[in-house]
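Structure, as structure tokens:
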2 protein chains.
Amino acid sequence: MKSRADIAEVARHARVSKSTVSRVINGGYASPEVRARVTKVIQKLAYTPWTTARNFSLGRAGCVGFVIEDTQGQWIAQILAGIEAELTSKHISLLVGSLVIREHYDATTVTSWVRERRVDGLVFARCGKFERSLIDSARRAGIATALISPDDDFTGVDILRSDNVGAGRAVGQYLFDLGHRRIAFVGGQARVNATTFRESIDSRHRLDGLSQALAEHGVKIPESSIVFLRYHVDSGVEYARRWLKLARARAPTAVVFGNDAMALGFMRTVQSQGVRIPDEVSVVGFDDIPSASLVWPGLTTVRQEMSKIGETACQLVRRALERKSVGGSVHQFPVSLVVRESTGRVPNE
Amino acid sequence: MKSRADIAEVARHARVSKSTVSRVINGGYASPEVRARVTKVIQKLAYTPWTTARNFSLGRAGCVGFVIEDTQGQWIAQILAGIEAELTSKHISLLVGSLVIREHYDATTVTSWVRERRVDGLVFARCGKFERSLIDSARRAGIATALISPDDDFTGVDILRSDNVGAGRAVGQYLFDLGHRRIAFVGGQARVNATTFRESIDSRHRLDGLSQALAEHGVKIPESSIVFLRYHVDSGVEYARRWLKLARARAPTAVVFGNDAMALGFMRTVQSQGVRIPDEVSVVGFDDIPSASLVWPGLTTVRQEMSKIGETACQLVRRALERKSVGGSVHQFPVSLVVRESTGRVPNE
DNA sequence: GTCAAGCGTGAAACCGCTCCCGTACGTGAA
DNA sequence: TTCACGTACGGGAGCGGTTTCACGCTTGAC
């Protein structure tokens with residue numbers, strides 16, 4: 001009992017050589033008659049080339065590795081949706097190799113992917129800390145790499161990011177129009193190594209945009225109203241405690257957070273103390289994670305095209321693979337302000 | 001310039017045959033001296049077997065396919081964390097092949113995985129509708145399959161599920177202890193095909209447990225307080241409208257939902273109408289998605305060991321692969337009640 | 001001393017596909 | 001007619017591992 005047809009069997013039935021069958025499948029020289037005959041046999045035998053053998057023969061892995069840091073687990077779906085769409089739409093579809101979703105991604109795992117040539121390409125998404133040596137070794141191994149990152153201090157890799165400055169500007173204009181003048185910004189921190197964190201570049205850009213837009217109307221955010229904490233719900237809680245201690249007349253009437261998790265932490269904490277949102281304070285987040293629309297009041301936030309970014313990242317990796325060249329392009333994606341109920345006109349004093 | 005060492009080069013340097021190198025790597029007959037010599041050469045040349053070649057030679061794909069339906073994108077992280085832990089912990093680590101995260105998973109994609117032998121194993125997670133023919137064809141192709149599903153009407157595949165009845169009982173006891181006597185249950189629906197839905201088995205089991213626990217105290221849930229809607233935020237919103245219309249004295253003092261998304265939809269809707277939770281109504285969800293702890297008040301819910309379930313699913317697939325036999329085991333995982341602020345004592349009337 | 005059993009090793013087949021190269025044929029130009 | 005060239009196809013090497021098989025050596029039981 002033969003378990004499965006292989007290319008040789010197809011060739012026998014069609015009375016041609018393996019080479020010809022291969023050409024029919026992959027599109028090479030083949031006369032119409034032969035092509036028709038072979039195609040018919042393929043149909044009849046329900047033949048499908050064995051992917052592993054094909055990859056082996058082509059000297060590739062047929063996989064793209066995907067690395068992400070995602071403690072809250074809110075990102076994955078969006079980015080993956082894009083990646084998946086891109087990969088499956090191509091008949092030469094490469095699979096998403098695997099992913100790392102621990103709090104801090106494990107460089108050892110990724111290194112082994114490179115060493116064992118498990119992947120042809122790599123996509124790093126929102127990893128606070130990129131190991132430069134890791135990316136370099138990937139490049140040396142001929143592995144195309146795309147980074148979803150605000151940091152563009154890399155050579156030879158494609159970089160994708162959202163227009164954070166534009167996002168900040170949009171938020172600034174929006175809050176100004178609502179009458180807000182005392183605005184605070186709570187940015188996030190990116191991981192530098194296991195224990196150290198630094199001001200996140202994403203957040204810095206968002207703050208820059210925010211400041212720019214407000215400055216155009218003569219409004220300035222005082223240094224005392226700018227703070228950078230870890231990208232985590234707890235940071236929102238912590239900032240809420242500070243905010244609650246401020247005198248009513250001096251407390252910011254609007255707080256812009258570096259991500260939704262912090263914003264939601266802030267909201268629930270002040271709500272638990274009886275503060276009404278947006279009557280007493282307006283809140284803006286970033287990212288539009290699923291939770292943002294599930295709370296009451298819904299969180300006004302900035303939506304990024306994460307799905308589109310994931311899709312493009314894969315396209316870049318595939319293209320870099322085909323051309324056997326590594327590109328160092330930078331792609332910036334537009335964002336959109338999603339207005340919900342957590343923002344309102346500034347209260348009359 | 002040779003790009004990379006292969007097994008033949010290692011063999012040359014160590015003055016042994018390829019076979020011996022292979023045996024040293026995979027643990028076969030080899031004298032201590034030879035083993036040491038070969039190991040040293042491997043170190044020196046930084047040799048790592050090429051995964052694709054190995055898989056090809058072993059006649060396998062080296063991949064496990066992962067299929068999930070996840071519109072809200074809240075599940076993936078939890079299950080994947082477990083899968084990833086299991087796969088990377090094994091040196092024979094298989095990669096997560098790919099995943100489908102559209103609203104309704106695409107059977108065509110999975111079929112092509114099977115046809116092209118892209119995967120050795122398949123894990124289906126929380127897919128409302130399993131295509132029986134798909135699973136059967138996978139079995140015939142010798143692909144080990146694990147289902148994360150409450151439905152055990154399948155043969156030859158491993159099934160994993162949470163103890164939904166136990167979960168329902170725990171919720172029932174808890175609410176009874178808080179003094180609740182008028183309790184409603186809003187279950188979910190699973191997809192049967194593109195347009196049809198049926199009462200979800202998960203929800204039915206949860207309701208069974210809930211009813212059992214309450215019945216032991218002489219409390220009965222009237223039929224009119226049981227409803228099955230689609231597993232979606234909107235269903236929570238819809239139920240909230242119905243609830244708001246009920247007379248205070250007749251409205252349930254506690255509502256148990258089939259999942260967190262519906263519970264959160266209910267909460268935000270009644271909150272927007274000024275209803276205080278849990279003072280006026282207690283709310284219980286299921287699943288403990290990230291959002292549950294981000295809202296105010298925090299949602300009391302039931303946590304499932306999704307990470308553990310994912311991990312076990314992979315173990316089962318791997319084991320089925322090694323033994324070349326398909327097992328039909330059923331695994332039930334314990335759940336835990338997570339009490340937050342959305343539940344409280346029944347209000348004095 | 002003989003024989004069987006087991007260990008340690010090398011040679012070579014094998015997995016299924018791609019692709020290089022050689023050949024045969026037909027066509028058009030010199 | 002001859003030659004060059006492009007098209008169509010077959011033969012077979014090659015990809016890098018694993019595994020089977022054969023063979024030599026050592027050991028122990030009789």
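Residue numbering restarts at 1 for every chain of the structure tokens, chains are lettered A, B, ... in their displayed order, and ligands are numbered from 1 as they appear.
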**OP:** Would you list the contacts of DC25 in chain D as a PyMOL selection string, taking every protein, DNA or RNA residue within 12 Å and counting only C-alpha atoms (C1' of nucleotides), but skipping same-chain residues closer than 4 positions in sequence?
**Re:** chain C and resi 6-9
Original post:
Would you give me, as a ChimeraX atom specification, the residues in range 36-258 of chain A that DSSP reads as strand (DSSP E)?
Top reply: /A:63-68,95-100,121-125,144-148,158-162,183-187,189-191,197-199,226-228,254-257
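Taking CA of Val123 in chain A as the reference point, CA of Glu322 in chain A is found at 16.2 Å.
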What's the 10 Å shell around range 289-301 of chain A, counting only C-alpha atoms (C1' of nucleotides), without same-chain residues fewer than 6 positions away, as a short mmCIF file (atom, residue, chain, number, x, y, z; two decimals) with C-alpha atoms, in the first residue's frame?
data_model
loop_
_atom_site.label_atom_id
_atom_site.label_comp_id
_atom_site.auth_asym_id
_atom_site.auth_seq_id
_atom_site.Cartn_x
_atom_site.Cartn_y
_atom_site.Cartn_z
CA GLN A 72 -0.83 41.96 28.19
CA GLY A 73 -1.51 39.79 25.20
CA GLN A 74 -3.41 42.45 23.37
CA TRP A 75 -1.17 42.98 20.39
CA GLN A 78 -3.77 42.44 15.40
CA ALA A 167 -0.74 60.91 16.47
CA VAL A 171 -4.53 64.36 20.22
CA VAL A 256 -2.67 61.58 27.81
CA PHE A 257 -1.12 58.17 28.32
CA GLY A 258 1.55 56.37 26.33
CA ASN A 259 -0.63 53.32 25.97
CA ASP A 260 -4.10 52.05 26.77
CA ALA A 261 -3.06 49.75 29.60
CA ALA A 263 -4.84 54.77 30.75
CA LEU A 264 -7.19 52.01 31.85
CA MET A 267 -9.40 55.21 34.89
CA ARG A 268 -10.37 52.33 37.09
CA ARG A 276 -16.40 60.81 37.09
CA ILE A 277 -14.91 60.54 33.63
CA PRO A 278 -14.91 62.68 31.55
CA SER A 282 -10.51 63.45 30.31
CA VAL A 283 -8.38 60.45 29.48
CA SER A 336 -6.43 57.55 13.55
CA LEU A 337 -7.96 59.13 16.62
CA VAL A 338 -10.78 57.01 18.00
CA VAL A 339 -13.07 59.21 20.03
CA ARG A 340 -15.11 57.47 22.72
CA GLU A 341 -16.58 58.63 25.98
CA SER A 342 -13.52 59.18 28.13
CA THR A 343 -12.94 62.67 26.77
CA GLY A 344 -15.20 65.70 27.03
CA THR B 71 -12.48 37.69 17.13
CA GLN B 72 -11.69 39.61 20.27
CA GLY B 73 -8.08 38.61 20.21
CA GLN B 74 -7.96 37.92 23.88
CA VAL B 233 -19.97 42.16 23.45
CA ASP B 260 -16.32 37.99 29.79
CA ALA B 261 -16.99 39.85 26.59
CA MET B 262 -20.75 39.61 27.10
CA ALA B 263 -20.40 40.47 30.79
CA LEU B 264 -18.37 43.57 29.97
CA GLY B 265 -20.86 44.64 27.32
CA PHE B 266 -23.61 44.35 29.93
CA MET B 267 -21.63 46.26 32.53
CA ARG B 268 -20.71 49.21 30.38
CA THR B 269 -24.27 49.53 29.12
CA VAL B 270 -25.98 49.52 32.51
CA GLN B 271 -23.22 51.75 33.90
CA SER B 272 -23.91 54.25 31.16
CA ILE B 289 -9.61 37.88 29.70
CA PRO B 290 -7.17 40.78 30.25
CA SER B 291 -9.95 43.35 30.08
CA ALA B 292 -11.68 41.81 33.08
CA SER B 293 -9.13 43.28 35.43
CA LEU B 294 -8.87 46.59 33.60
CA VAL B 295 -12.43 47.82 34.07
CA TRP B 296 -13.96 49.34 37.15
CA PRO B 297 -15.35 47.55 38.97
#
Could the residues of chain A that have an atom at most 9 Å from chain C be listed as CSV, each with its closest atom pair and the distance in Å to one decimal, counting only C-alpha atoms (C1' of nucleotides) and ordered by chain and ascending residue number?
residue,atom,partner,partner_atom,distance
A:Asp6,CA,C:DG16,C1',7.1
A:Ile7,CA,C:DG16,C1',7.3
A:Ala8,CA,C:DG16,C1',8.6
A:Ser19,CA,C:DT18,C1',8.1
A:Ser22,CA,C:DT18,C1',7.6
A:Pro49,CA,C:DC17,C1',8.0
A:Trp50,CA,C:DG16,C1',7.4
A:Thr52,CA,C:DG16,C1',8.8
A:Ala53,CA,C:DG16,C1',5.4
A:Arg54,CA,C:DC17,C1',5.2
A:Asn55,CA,C:DC17,C1',8.5
A:Phe56,CA,C:DC17,C1',8.0
A:Ser57,CA,C:DC17,C1',5.7
A:Leu58,CA,C:DT18,C1',6.8
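Omitting Ile25 in chain A and its sequence neighbours fewer than 2 positions away, and counting only C-alpha atoms (C1' of nucleotides), the residues within 10 Å are Ser19, Thr20, Val21, Ser22, Arg23, Gly27, Gly28, Arg35, Val38, Thr39, Ile42, Thr48 and Pro49 of chain A.
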Subject >> Secondary structure check, alpha helix (DSSP H) residues of range 124-305 of chain A, as an MDAnalysis selection string >> reply: chainID A and resid 132:140 164:177 201:215 233:245 260:272
Original post:
Distance CA of Glu280 in chain A-CA of Ser235 in chain A, one decimal place?
Top reply: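 It comes out at 20.3 Å.
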**OP:** Within 10 Å of Ala251 in chain B, counting only C-alpha atoms (C1' of nucleotides), which residues show up once you throw out same-chain ones fewer than 6 positions away? Write them as a ChimeraX atom specification, please.
**Re:** /B:182-184,225,242-245,280-281
